[in-house]
Structures are given as structure tokens and as C-alpha cells.
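Novice: Got a file for you: final_25.pdb, PDB, C-alpha atoms and all ligand atoms.
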```pdb
ATOM      1  CA  MET A 546     202.696-195.586  84.557
ATOM      2  CA  HIS A 547     205.813-197.564  83.696
ATOM      3  CA  ASN A 548     208.542-197.094  81.182
ATOM      4  CA  PHE A 549     208.235-199.200  78.090
ATOM      5  CA  TYR A 550     211.374-200.414  76.477
ATOM      6  CA  PHE A 551     212.312-203.304  74.254
ATOM      7  CA  THR A 552     215.704-204.909  73.853
ATOM      8  CA  PRO A 553     216.262-207.036  70.757
ATOM      9  CA  PHE A 554     218.751-209.879  71.232
ATOM     10  CA  LEU A 555     220.369-212.210  68.712
ATOM     11  CA  LEU A 556     220.836-215.922  69.111
ATOM     12  CA  CYS A 557     224.235-217.537  68.910
ATOM     13  CA  CYS A 558     225.400-220.946  70.009
ATOM     14  CA  ASN A 559     227.810-221.448  72.890
ATOM     15  CA  LYS A 560     231.122-220.989  71.106
ATOM     16  CA  SER A 561     233.438-221.404  74.095
ATOM     17  CA  THR A 562     232.010-224.847  74.900
ATOM     18  CA  SER A 563     232.362-226.002  71.288
ATOM     19  CA  THR A 564     235.959-224.818  70.987
ATOM     20  CA  GLY A 565     237.021-226.457  74.261
ATOM     21  CA  GLY A 566     235.387-229.694  73.120
ATOM     22  CA  ALA A 567     237.184-229.538  69.767
ATOM     23  CA  ARG A 568     240.586-229.317  71.434
ATOM     24  CA  SER A 569     240.108-232.249  73.755
ATOM     25  CA  SER A 570     238.550-234.305  70.972
ATOM     26  CA  ALA A 571     241.600-233.704  68.747
ATOM     27  CA  ARG A 572     243.931-234.655  71.621
ATOM     28  CA  ASP A 573     242.019-237.849  72.268
ATOM     29  CA  THR A 574     242.554-239.051  68.688
ATOM     30  CA  ASP A 575     246.250-238.037  68.308
ATOM     31  CA  VAL A 576     247.492-241.626  68.352
ATOM     32  CA  SER A 577     245.202-242.718  65.475
ATOM     33  CA  SER A 578     245.860-242.979  61.750
ATOM     34  CA  PRO A 579     245.296-239.898  59.489
ATOM     35  CA  LEU A 580     242.075-241.479  58.174
ATOM     36  CA  VAL A 581     240.714-242.014  61.691
ATOM     37  CA  LYS A 582     241.855-238.486  62.590
ATOM     38  CA  THR A 583     240.038-236.952  59.631
ATOM     39  CA  SER A 584     236.870-238.916  60.128
ATOM     40  CA  SER A 585     236.728-238.183  63.864
ATOM     41  CA  ARG A 586     237.231-234.473  63.108
ATOM     42  CA  LEU A 587     234.382-234.635  60.613
ATOM     43  CA  LEU A 588     232.239-236.454  63.159
ATOM     44  CA  PHE A 589     233.066-233.824  65.765
ATOM     45  CA  ILE A 590     232.162-230.970  63.397
ATOM     46  CA  ALA A 591     228.891-232.752  62.549
ATOM     47  CA  ILE A 592     228.078-233.082  66.280
ATOM     48  CA  CYS A 593     228.833-229.368  66.799
ATOM     49  CA  VAL A 594     226.647-228.309  63.877
ATOM     50  CA  PHE A 595     223.867-230.647  64.982
ATOM     51  CA  SER A 596     223.888-229.480  68.595
ATOM     52  CA  CYS A 597     223.764-225.822  67.499
ATOM     53  CA  ASN A 598     220.697-226.469  65.372
ATOM     54  CA  ALA A 599     218.866-228.990  67.499
ATOM     55  CA  GLY A 600     216.949-226.809  69.940
ATOM     56  CA  ASP A 601     219.862-226.256  72.323
ATOM     57  CA  GLY A 602     220.528-222.914  70.645
ATOM     58  CA  SER A 603     217.002-221.637  71.068
ATOM     59  CA  GLU A 604     216.855-222.795  74.702
ATOM     60  CA  THR A 605     220.072-220.828  75.262
ATOM     61  CA  GLN A 606     218.493-217.836  73.543
ATOM     62  CA  TYR A 607     215.329-218.033  75.656
ATOM     63  CA  ARG A 608     217.382-218.353  78.853
ATOM     64  CA  THR A 609     219.371-215.261  77.913
ATOM     65  CA  LEU A 610     216.194-213.354  77.086
ATOM     66  CA  ARG A 611     214.752-214.360  80.470
ATOM     67  CA  GLU A 612     217.881-213.107  82.242
ATOM     68  CA  ARG A 613     217.483-209.766  80.487
ATOM     69  CA  MET A 614     213.772-209.663  81.276
ATOM     70  CA  VAL A 615     214.524-210.208  84.972
ATOM     71  CA  SER A 616     217.331-207.671  85.216
ATOM     72  CA  GLU A 617     216.084-204.921  82.863
ATOM     73  CA  GLN A 618     212.304-205.057  83.297
ATOM     74  CA  ILE A 619     211.810-206.440  86.805
ATOM     75  CA  ALA A 620     214.810-205.901  89.132
ATOM     76  CA  ALA A 621     215.517-202.491  87.549
ATOM     77  CA  ARG A 622     211.997-201.367  88.515
ATOM     78  CA  GLY A 623     212.415-202.318  92.149
ATOM     79  CA  VAL A 624     211.382-205.963  92.593
ATOM     80  CA  THR A 625     213.999-207.246  95.051
ATOM     81  CA  ASP A 626     212.726-210.567  96.436
ATOM     82  CA  GLU A 627     215.376-213.039  95.254
ATOM     83  CA  ARG A 628     212.941-215.957  95.255
ATOM     84  CA  VAL A 629     210.538-214.068  93.008
ATOM     85  CA  LEU A 630     213.368-213.090  90.648
ATOM     86  CA  LYS A 631     214.502-216.722  90.540
ATOM     87  CA  ALA A 632     210.986-217.969  89.800
ATOM     88  CA  MET A 633     210.673-215.433  86.951
ATOM     89  CA  GLN A 634     214.023-216.692  85.658
ATOM     90  CA  THR A 635     212.906-220.315  85.905
ATOM     91  CA  VAL A 636     209.422-220.408  84.335
ATOM     92  CA  GLU A 637     209.585-220.682  80.551
ATOM     93  CA  ARG A 638     207.190-217.903  79.578
ATOM     94  CA  HIS A 639     207.561-218.686  75.856
ATOM     95  CA  LEU A 640     205.719-221.988  76.423
ATOM     96  CA  PHE A 641     202.661-220.118  77.742
ATOM     97  CA  VAL A 642     202.120-217.890  74.689
ATOM     98  CA  PRO A 643     200.820-218.941  71.254
ATOM     99  CA  PRO A 644     203.640-220.427  69.103
ATOM    100  CA  ASN A 645     203.506-217.542  66.606
ATOM    101  CA  LEU A 646     204.225-215.044  69.431
ATOM    102  CA  ARG A 647     207.072-216.932  71.127
ATOM    103  CA  HIS A 648     209.661-214.514  69.802
ATOM    104  CA  LYS A 649     207.861-211.776  71.788
ATOM    105  CA  ALA A 650     207.444-213.814  74.989
ATOM    106  CA  TYR A 651     210.144-211.871  76.889
ATOM    107  CA  ASN A 652     209.130-208.420  75.648
ATOM    108  CA  ASP A 653     208.108-205.777  78.153
ATOM    109  CA  SER A 654     204.398-206.094  77.393
ATOM    110  CA  PRO A 655     201.263-208.197  77.754
ATOM    111  CA  LEU A 656     200.485-210.579  74.842
ATOM    112  CA  PRO A 657     197.274-212.029  73.416
ATOM    113  CA  ILE A 658     196.531-215.649  74.413
ATOM    114  CA  GLY A 659     193.276-216.102  72.449
ATOM    115  CA  GLU A 660     189.600-215.536  73.309
ATOM    116  CA  GLY A 661     190.298-211.809  73.606
ATOM    117  CA  GLN A 662     192.427-212.382  76.746
ATOM    118  CA  THR A 663     196.056-211.559  77.548
ATOM    119  CA  ILE A 664     199.021-212.864  79.539
ATOM    120  CA  SER A 665     200.154-209.996  81.804
ATOM    121  CA  GLN A 666     203.359-208.009  81.307
ATOM    122  CA  PRO A 667     206.264-209.832  83.091
ATOM    123  CA  TYR A 668     206.881-206.902  85.453
ATOM    124  CA  ILE A 669     203.249-206.919  86.607
ATOM    125  CA  VAL A 670     203.406-210.690  87.253
ATOM    126  CA  ALA A 671     206.555-210.196  89.362
ATOM    127  CA  LEU A 672     205.179-207.148  91.203
ATOM    128  CA  MET A 673     201.922-208.912  92.123
ATOM    129  CA  THR A 674     203.790-212.053  93.179
ATOM    130  CA  GLU A 675     206.208-210.130  95.414
ATOM    131  CA  ALA A 676     203.368-208.122  96.984
ATOM    132  CA  LEU A 677     201.831-211.341  98.341
ATOM    133  CA  LYS A 678     205.066-212.204 100.198
ATOM    134  CA  PRO A 679     204.778-215.835  99.118
ATOM    135  CA  ASP A 680     206.246-218.644 101.181
ATOM    136  CA  ARG A 681     206.203-222.427 101.135
ATOM    137  CA  SER A 682     203.436-222.703 103.732
ATOM    138  CA  MET A 683     200.886-220.659 101.788
ATOM    139  CA  ASN A 684     197.784-221.792  99.900
ATOM    140  CA  VAL A 685     196.951-219.215  97.253
ATOM    141  CA  LEU A 686     193.814-218.632  95.200
ATOM    142  CA  GLU A 687     194.154-217.086  91.741
ATOM    143  CA  ILE A 688     191.156-215.746  89.804
ATOM    144  CA  GLY A 689     191.809-215.657  86.040
ATOM    145  CA  THR A 690     194.044-218.614  85.074
ATOM    146  CA  GLY A 691     194.439-217.419  81.461
ATOM    147  CA  SER A 692     197.598-219.045  80.083
ATOM    148  CA  GLY A 693     198.561-220.512  83.469
ATOM    149  CA  TYR A 694     201.816-218.506  83.608
ATOM    150  CA  GLN A 695     201.105-216.603  86.840
ATOM    151  CA  ALA A 696     200.006-219.859  88.504
ATOM    152  CA  ALA A 697     203.259-221.540  87.394
ATOM    153  CA  VAL A 698     205.357-218.702  88.895
ATOM    154  CA  LEU A 699     203.423-218.834  92.183
ATOM    155  CA  SER A 700     203.623-222.615  92.380
ATOM    156  CA  LEU A 701     207.426-222.391  92.747
ATOM    157  CA  LEU A 702     207.009-220.207  95.835
ATOM    158  CA  CYS A 703     203.898-221.504  97.640
ATOM    159  CA  ASN A 704     202.470-224.730  98.998
ATOM    160  CA  HIS A 705     199.482-224.939  96.637
ATOM    161  CA  VAL A 706     197.874-222.745  93.988
ATOM    162  CA  TYR A 707     194.136-222.988  93.310
ATOM    163  CA  THR A 708     193.197-221.166  90.131
ATOM    164  CA  VAL A 709     189.823-220.471  88.483
ATOM    165  CA  GLU A 710     189.200-219.626  84.818
ATOM    166  CA  ILE A 711     185.820-218.751  83.327
ATOM    167  CA  ILE A 712     186.611-219.443  79.642
ATOM    168  CA  GLU A 713     186.552-223.198  79.109
ATOM    169  CA  THR A 714     189.042-223.374  76.198
ATOM    170  CA  LEU A 715     191.625-221.368  78.170
ATOM    171  CA  GLY A 716     191.039-223.423  81.323
ATOM    172  CA  ARG A 717     191.463-226.710  79.417
ATOM    173  CA  ARG A 718     194.619-225.479  77.697
ATOM    174  CA  ALA A 719     196.081-224.361  81.031
ATOM    175  CA  GLN A 720     195.213-227.762  82.535
ATOM    176  CA  THR A 721     197.308-229.413  79.823
ATOM    177  CA  MET A 722     200.146-226.882  80.158
ATOM    178  CA  LEU A 723     200.301-227.302  83.923
ATOM    179  CA  SER A 724     199.730-231.056  84.124
ATOM    180  CA  SER A 725     203.263-231.664  85.388
ATOM    181  CA  TYR A 726     202.884-229.152  88.252
ATOM    182  CA  ARG A 727     201.852-231.210  91.287
ATOM    183  CA  ASN A 728     200.745-228.231  93.403
ATOM    184  CA  ILE A 729     198.334-226.457  91.041
ATOM    185  CA  SER A 730     194.596-227.178  90.872
ATOM    186  CA  ILE A 731     192.497-225.590  88.119
ATOM    187  CA  ARG A 732     188.731-225.156  88.086
ATOM    188  CA  ILE A 733     186.688-223.910  85.170
ATOM    189  CA  GLY A 734     183.970-221.596  86.442
ATOM    190  CA  ASP A 735     183.153-218.115  87.688
ATOM    191  CA  GLY A 736     185.894-216.968  90.063
ATOM    192  CA  TYR A 737     183.803-214.102  91.483
ATOM    193  CA  ASN A 738     182.638-216.667  94.046
ATOM    194  CA  GLY A 739     186.161-217.899  94.822
ATOM    195  CA  TRP A 740     186.673-221.605  95.586
ATOM    196  CA  LYS A 741     184.809-222.267  98.815
ATOM    197  CA  GLU A 742     185.881-225.913  99.236
ATOM    198  CA  HIS A 743     189.532-224.894  99.707
ATOM    199  CA  ALA A 744     188.984-221.672 101.663
ATOM    200  CA  PRO A 745     190.263-219.892 103.652
ATOM    201  CA  PHE A 746     193.332-218.844 101.632
ATOM    202  CA  ASP A 747     196.558-217.278 102.898
ATOM    203  CA  ALA A 748     196.612-215.068  99.812
ATOM    204  CA  ILE A 749     194.397-214.256  96.830
ATOM    205  CA  ILE A 750     195.592-212.874  93.493
ATOM    206  CA  VAL A 751     193.062-211.583  90.978
ATOM    207  CA  THR A 752     194.275-211.109  87.407
ATOM    208  CA  CYS A 753     191.061-209.729  85.888
ATOM    209  CA  ALA A 754     189.418-206.496  87.005
ATOM    210  CA  PRO A 755     185.970-206.145  88.613
ATOM    211  CA  THR A 756     184.546-202.659  89.234
ATOM    212  CA  HIS A 757     184.133-203.467  92.933
ATOM    213  CA  LEU A 758     185.684-205.770  95.503
ATOM    214  CA  PRO A 759     184.025-209.231  95.330
ATOM    215  CA  ALA A 760     182.600-209.977  98.815
ATOM    216  CA  PRO A 761     183.078-213.788  98.492
ATOM    217  CA  LEU A 762     186.824-213.280  97.943
ATOM    218  CA  VAL A 763     187.122-211.093 101.034
ATOM    219  CA  GLU A 764     185.263-213.780 103.007
ATOM    220  CA  GLN A 765     187.581-216.535 101.760
ATOM    221  CA  LEU A 766     190.744-214.660 102.780
ATOM    222  CA  LYS A 767     192.342-215.810 106.062
ATOM    223  CA  GLU A 768     192.710-213.400 108.952
ATOM    224  CA  GLY A 769     196.112-211.726 108.376
ATOM    225  CA  GLY A 770     196.026-212.764 104.705
ATOM    226  CA  THR A 771     196.654-210.518 101.702
ATOM    227  CA  MET A 772     194.843-210.067  98.423
ATOM    228  CA  ILE A 773     196.138-208.284  95.342
ATOM    229  CA  ILE A 774     193.468-207.165  92.910
ATOM    230  CA  PRO A 775     193.050-204.606  90.117
ATOM    231  CA  PHE A 776     189.707-202.882  90.418
ATOM    232  CA  GLY A 777     187.838-199.834  89.300
ATOM    233  CA  GLU A 778     185.987-198.651  86.206
ATOM    234  CA  ARG A 779     187.557-199.200  82.777
ATOM    235  CA  GLY A 780     190.356-196.665  82.297
ATOM    236  CA  THR A 781     190.703-195.913  86.017
ATOM    237  CA  GLN A 782     191.732-199.265  87.443
ATOM    238  CA  GLU A 783     194.193-199.412  90.271
ATOM    239  CA  LEU A 784     196.219-202.349  91.566
ATOM    240  CA  VAL A 785     195.295-202.617  95.226
ATOM    241  CA  LEU A 786     196.867-204.622  98.044
ATOM    242  CA  LEU A 787     194.395-205.603 100.763
ATOM    243  CA  THR A 788     195.146-207.070 104.175
ATOM    244  CA  LYS A 789     192.533-208.631 106.454
ATOM    245  CA  LYS A 790     193.128-207.367 109.983
ATOM    246  CA  GLY A 791     190.773-207.988 112.889
ATOM    247  CA  GLY A 792     188.045-208.905 110.403
ATOM    248  CA  SER A 793     188.292-205.617 108.511
ATOM    249  CA  ILE A 794     190.176-204.706 105.365
ATOM    250  CA  VAL A 795     193.173-202.389 105.115
ATOM    251  CA  GLU A 796     193.669-201.107 101.588
ATOM    252  CA  GLU A 797     196.852-199.850  99.900
ATOM    253  CA  GLY A 798     196.769-198.529  96.331
ATOM    254  CA  LEU A 799     199.881-199.504  94.362
ATOM    255  CA  ILE A 800     199.800-198.356  90.723
ATOM    256  CA  PRO A 801     197.341-197.565  87.931
ATOM    257  CA  VAL A 802     196.873-200.584  85.629
ATOM    258  CA  ARG A 803     194.802-201.921  82.749
ATOM    259  CA  PHE A 804     193.505-205.482  83.076
ATOM    260  CA  VAL A 805     190.832-207.375  81.151
ATOM    261  CA  PRO A 806     187.479-207.189  82.985
ATOM    262  CA  MET A 807     186.185-209.775  85.429
ATOM    263  CA  VAL A 808     182.976-211.008  83.819
ATOM    264  CA  ASP A 809     180.088-213.302  84.729
ATOM    265  CA  SER A 810     179.008-216.311  82.648
ATOM    266  CA  GLY A 811     176.949-213.962  80.413
ATOM    267  CA  GLY A 812     180.018-211.800  79.694
ATOM    268  CA  VAL A 813     178.801-208.887  81.848
ATOM    269  CA  THR A 814     181.502-207.061  83.835
ATOM    270  CA  TYR A 815     181.200-207.358  87.612
TER     271      TYR A 815
HETATM  272  N1  LIG B 901     196.871-214.820  84.979
HETATM  273  C1  LIG B 901     196.800-215.009  83.554
HETATM  274  C2  LIG B 901     196.345-213.788  82.798
HETATM  275  C3  LIG B 901     194.938-213.597  83.018
HETATM  276  S1  LIG B 901     194.037-212.640  81.872
HETATM  277  C4  LIG B 901     198.098-215.506  82.987
HETATM  278  O1  LIG B 901     199.098-215.634  83.714
HETATM  279  O2  LIG B 901     198.133-215.779  81.786
HETATM  280  C5  LIG B 901     192.545-212.638  82.803
HETATM  281  C6  LIG B 901     191.785-213.939  82.788
HETATM  282  O3  LIG B 901     190.679-213.791  83.658
HETATM  283  C7  LIG B 901     191.216-214.284  81.421
HETATM  284  O4  LIG B 901     191.640-215.555  81.037
HETATM  285  C8  LIG B 901     189.701-214.251  81.657
HETATM  286  O5  LIG B 901     188.981-215.204  80.916
HETATM  287  C9  LIG B 901     189.621-214.560  83.155
HETATM  288  N2  LIG B 901     188.369-214.152  83.805
HETATM  289  C10 LIG B 901     187.576-213.070  83.571
HETATM  290  N3  LIG B 901     186.508-213.082  84.393
HETATM  291  C11 LIG B 901     186.633-214.201  85.178
HETATM  292  C12 LIG B 901     185.842-214.771  86.218
HETATM  293  N4  LIG B 901     184.686-214.220  86.625
HETATM  294  N5  LIG B 901     186.272-215.899  86.790
HETATM  295  C13 LIG B 901     187.437-216.510  86.389
HETATM  296  N6  LIG B 901     188.204-216.020  85.399
HETATM  297  C14 LIG B 901     187.817-214.882  84.801
END
```
Would you give me this structure, written as C-alpha cells?
Specialist:
Amino acid sequence: MHNFYFTPFLLCCNKSTSTGGARSSARDTDVSSPLVKTSSRLLFIAICVFSCNAGDGSETQYRTLRERMVSEQIAARGVTDERVLKAMQTVERHLFVPPNLRHKAYNDSPLPIGEGQTISQPYIVALMTEALKPDRSMNVLEIGTGSGYQAAVLSLLCNHVYTVEIIETLGRRAQTMLSSYRNISIRIGDGYNGWKEHAPFDAIIVTCAPTHLPAPLVEQLKEGGTMIIPFGERGTQELVLLTKKGGSIVEEGLIPVRFVPMVDSGGVTY
């Protein structure tokens, strides 16, 4: 499987910007009286302190953590598509995890998102996204919306993302999270049957694992289209890339993985 490593990183505010600002601010007030000088210095210090504490610092921290995630966990393991790397750098993963786990959002691991489900490890999200060779003309179906993170990443690279989630609370939460994304549609229901009304799809990504290949998904894949799906029995799942060619399916095994199971409405694994 893959190396597991974790890089702790400390937050600090952008010192060079503050110092540069301090100099020009002092110059701007040189012609004033000592009282004006002192009070404008105090005001400037107050602005600096405020801007370091008012969220800007943590956004800077998260951006830095994302840069590290992309370079150390994703590019270092062989994901090379610049658009995929940029999308992973852009989407704010910490907003898709529960607030008490935000400090772990850029760790090299999956995280719980409630209801016994998980958001996938960042590397796996990037690997699956790259494998689909996304482009702006593509309509993609995702099975297993979960937090909505994978859909958000794909939406930056494709024409439209249709995503299906079986657990209502997760689906509703993702609908709220993704409400500002114009090219994502979410349906709450059983994704084993795909989303017939919008088929056929240029690509299908499945982020929960059935024990066999769902026939409706194969049917809803366009000729020449690709599907990435983890399947197999618990403990022996493999991430598989499928291509539909001349009506039949060409299969390429990528890596061993461990995903949550694809279940029906009664909770039974497919
Ligand atoms: N892609 C998600 C992670 C998904 S975890 C993300 O980026 O956060 C797998 C998800 O698949 C879980 O939310 C689970 O509820 C969902 N799932 C399991 N069986 C399903 C089915 N038959 N149809 C749709 N979703 C299903």
C-alpha cells in the first residue's frame, strides 16, 4: 500500500507584509505632530494585531497546509496532472470535515464525517480524479457523495458533476455545503442504479465499494468512457479503472484499497 507520513506545521502571520506596511505607514505620517504620529502608530499596531487574529492567519495556515498536502502526499506519489494538483490546492478540504477535526483536514489519511462514513485520503481523491482524465466537456457521475469534497474537486475540472448519496443526513449536508457550486447536482437515493435521467456519462467515479461491478453503472457509461471503482470483498478490495470499448469493458487494476461498502437501503452490502 502507500506510505503514511504526517507533517505537523505551525501557524504564523505574514510578517514580511506587516513590516513593509509599517514602514510606509510611518513615512506617510512624517509631517504630522508627535501626538498624531504616536496615535497613528498605535492604530497601525492595532490593525496588525487585529488582522493576525481575525481569520486571515488561519486561512494562511490552511493554504500552507494544502500546499504541503499537494507536494508531499500527492505530487510526490506520482500524480502529475497540473489541473488536478491545482484543484486539490484550491478546494478547502477543512470546510468538508466536522469542525472538531479541521486541524486534521490536511493529514495523509481519511477522516470520519459522521454516520459511520469517511472522507477519503487526499491522495486517493487526487489519484481517482486524475485517472478519469477530466476535462471541461465531461459530465461525470459520482456514487457516494459523503462530505461533497470529491464532487467539489471534480466540479473544477468537468462540465457537470451528478452525485448520489444514500444517507439522507449526509446528502442534505452536502447540498448545503455545495450550494454555491453551479455545476453539481445531488440526489439522495441508492446509487447502485446510477442516475438514468442524466445518462450516459463520460465518466463514473464510485467512492464506496460493492463486491461486484454494478450492471446499471456499466450501462450508463458512454462508449469510450471511463469508470473508477473500488470493488471486491472486504479486505481484498482493489481500485479498478474500467474503459468501455466497442460495448465491452477493459479492466485495469490500480492499487489495493479500503473503502466503506456500497449498501442498499436496508444497509446490506451489494
Ligand atoms: N466521496 C466522499 C466520500 C465517500 S464515503 C467524499 O468526498 O467525502 C462513501 C459514501 O458512499 C458514504 O457517504 C456512503 O453513505 C455512500 N454510499 C454507500 N452506499 C451507497 C449507495 N448505494 N448509493 C449512494 N451512496 C452510497
Novice: Report the distance between atom CA of Gln720 of chain A and atom CA of Phe776 of chain A in Å, rounded to one decimal place.
Specialist: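 Result for atom CA of Gln720 of chain A versus atom CA of Phe776 of chain A: 26.7 Å, one decimal.
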Novice: Compute the set of protein, DNA and RNA residues whose minimum atom distance to ligand LIG 901 (chain B) is at most 8 Å, using all atoms listed in the file, and state it as number ranges by chain.
Specialist: A: 641, 658, 660, 662-665, 670, 687-696, 709-712, 715-716, 733-737, 751-754, 804-810, 814-815
Novice: Generate the output file for the selected residues, C-alpha atoms, as an mmCIF file, keeping the file's coordinate frame.
Specialist:
```cif
data_model
loop_
_atom_site.group_PDB
_atom_site.id
_atom_site.type_symbol
_atom_site.label_atom_id
_atom_site.label_comp_id
_atom_site.auth_asym_id
_atom_site.auth_seq_id
_atom_site.Cartn_x
_atom_site.Cartn_y
_atom_site.Cartn_z
ATOM 1 C CA PHE A 641 202.661 -220.118 77.742
ATOM 2 C CA ILE A 658 196.531 -215.649 74.413
ATOM 3 C CA GLU A 660 189.600 -215.536 73.309
ATOM 4 C CA GLN A 662 192.427 -212.382 76.746
ATOM 5 C CA THR A 663 196.056 -211.559 77.548
ATOM 6 C CA ILE A 664 199.021 -212.864 79.539
ATOM 7 C CA SER A 665 200.154 -209.996 81.804
ATOM 8 C CA VAL A 670 203.406 -210.690 87.253
ATOM 9 C CA GLU A 687 194.154 -217.086 91.741
ATOM 10 C CA ILE A 688 191.156 -215.746 89.804
ATOM 11 C CA GLY A 689 191.809 -215.657 86.040
ATOM 12 C CA THR A 690 194.044 -218.614 85.074
ATOM 13 C CA GLY A 691 194.439 -217.419 81.461
ATOM 14 C CA SER A 692 197.598 -219.045 80.083
ATOM 15 C CA GLY A 693 198.561 -220.512 83.469
ATOM 16 C CA TYR A 694 201.816 -218.506 83.608
ATOM 17 C CA GLN A 695 201.105 -216.603 86.840
ATOM 18 C CA ALA A 696 200.006 -219.859 88.504
ATOM 19 C CA VAL A 709 189.823 -220.471 88.483
ATOM 20 C CA GLU A 710 189.200 -219.626 84.818
ATOM 21 C CA ILE A 711 185.820 -218.751 83.327
ATOM 22 C CA ILE A 712 186.611 -219.443 79.642
ATOM 23 C CA LEU A 715 191.625 -221.368 78.170
ATOM 24 C CA GLY A 716 191.039 -223.423 81.323
ATOM 25 C CA ILE A 733 186.688 -223.910 85.170
ATOM 26 C CA GLY A 734 183.970 -221.596 86.442
ATOM 27 C CA ASP A 735 183.153 -218.115 87.688
ATOM 28 C CA GLY A 736 185.894 -216.968 90.063
ATOM 29 C CA TYR A 737 183.803 -214.102 91.483
ATOM 30 C CA VAL A 751 193.062 -211.583 90.978
ATOM 31 C CA THR A 752 194.275 -211.109 87.407
ATOM 32 C CA CYS A 753 191.061 -209.729 85.888
ATOM 33 C CA ALA A 754 189.418 -206.496 87.005
ATOM 34 C CA PHE A 804 193.505 -205.482 83.076
ATOM 35 C CA VAL A 805 190.832 -207.375 81.151
ATOM 36 C CA PRO A 806 187.479 -207.189 82.985
ATOM 37 C CA MET A 807 186.185 -209.775 85.429
ATOM 38 C CA VAL A 808 182.976 -211.008 83.819
ATOM 39 C CA ASP A 809 180.088 -213.302 84.729
ATOM 40 C CA SER A 810 179.008 -216.311 82.648
ATOM 41 C CA THR A 814 181.502 -207.061 83.835
ATOM 42 C CA TYR A 815 181.200 -207.358 87.612
#
```
Novice: For a test of reading the model, state the distance in Å between atom CA of Thr635 of chain A and atom CA of Arg803 of chain A, rounded to one decimal.
Specialist: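 These two atoms are separated by 26.0 Å.
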Novice: Which residues match the PyMOL selection byres (((chain A and resi 784) around 8) and not hetatm) in the file above, as JSON, numbers by chain?
Specialist: {"A": [773, 774, 775, 776, 782, 783, 785, 786, 798, 799, 800, 801, 802]}
Novice: Can you pull out every residue within 12 Å of Leu702 of chain A, counting all atoms listed in the file, but drop anything in the same chain fewer than 6 positions away, and send it as a PyMOL selection string?
Specialist: chain A and resi 626-633+635-636+671+674-675+677-685+695-696+728-729
Novice: Have a look at atom CA of Glu612 of chain A and atom CA of Tyr726 of chain A and let me know their distance in Å, one decimal.
Specialist: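 It comes out at 22.8 Å.
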Novice: Of the residues A:Glu796, A:Arg727, A:Glu617, A:Gly812, which is the one nearest to Leu758 of chain A, using only C-alpha atoms?
Specialist: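 Of A:Glu796, A:Arg727, A:Glu617, A:Gly812, the one nearest Leu758 of chain A is A:Glu796, counting only C-alpha atoms.
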Novice: Would you list the residues near (205.0, -208.8, 84.7) (no more than 8 Å away, in the coordinates of the file, using all atoms listed in the file) as a list of chain:residue names?
Specialist: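 Residues with an atom close enough to that point: A:Ile619, A:Asp653, A:Ser654, A:Pro655, A:Ser665, A:Gln666, A:Pro667, A:Tyr668, A:Ile669, A:Val670, A:Ala671, A:Leu672.
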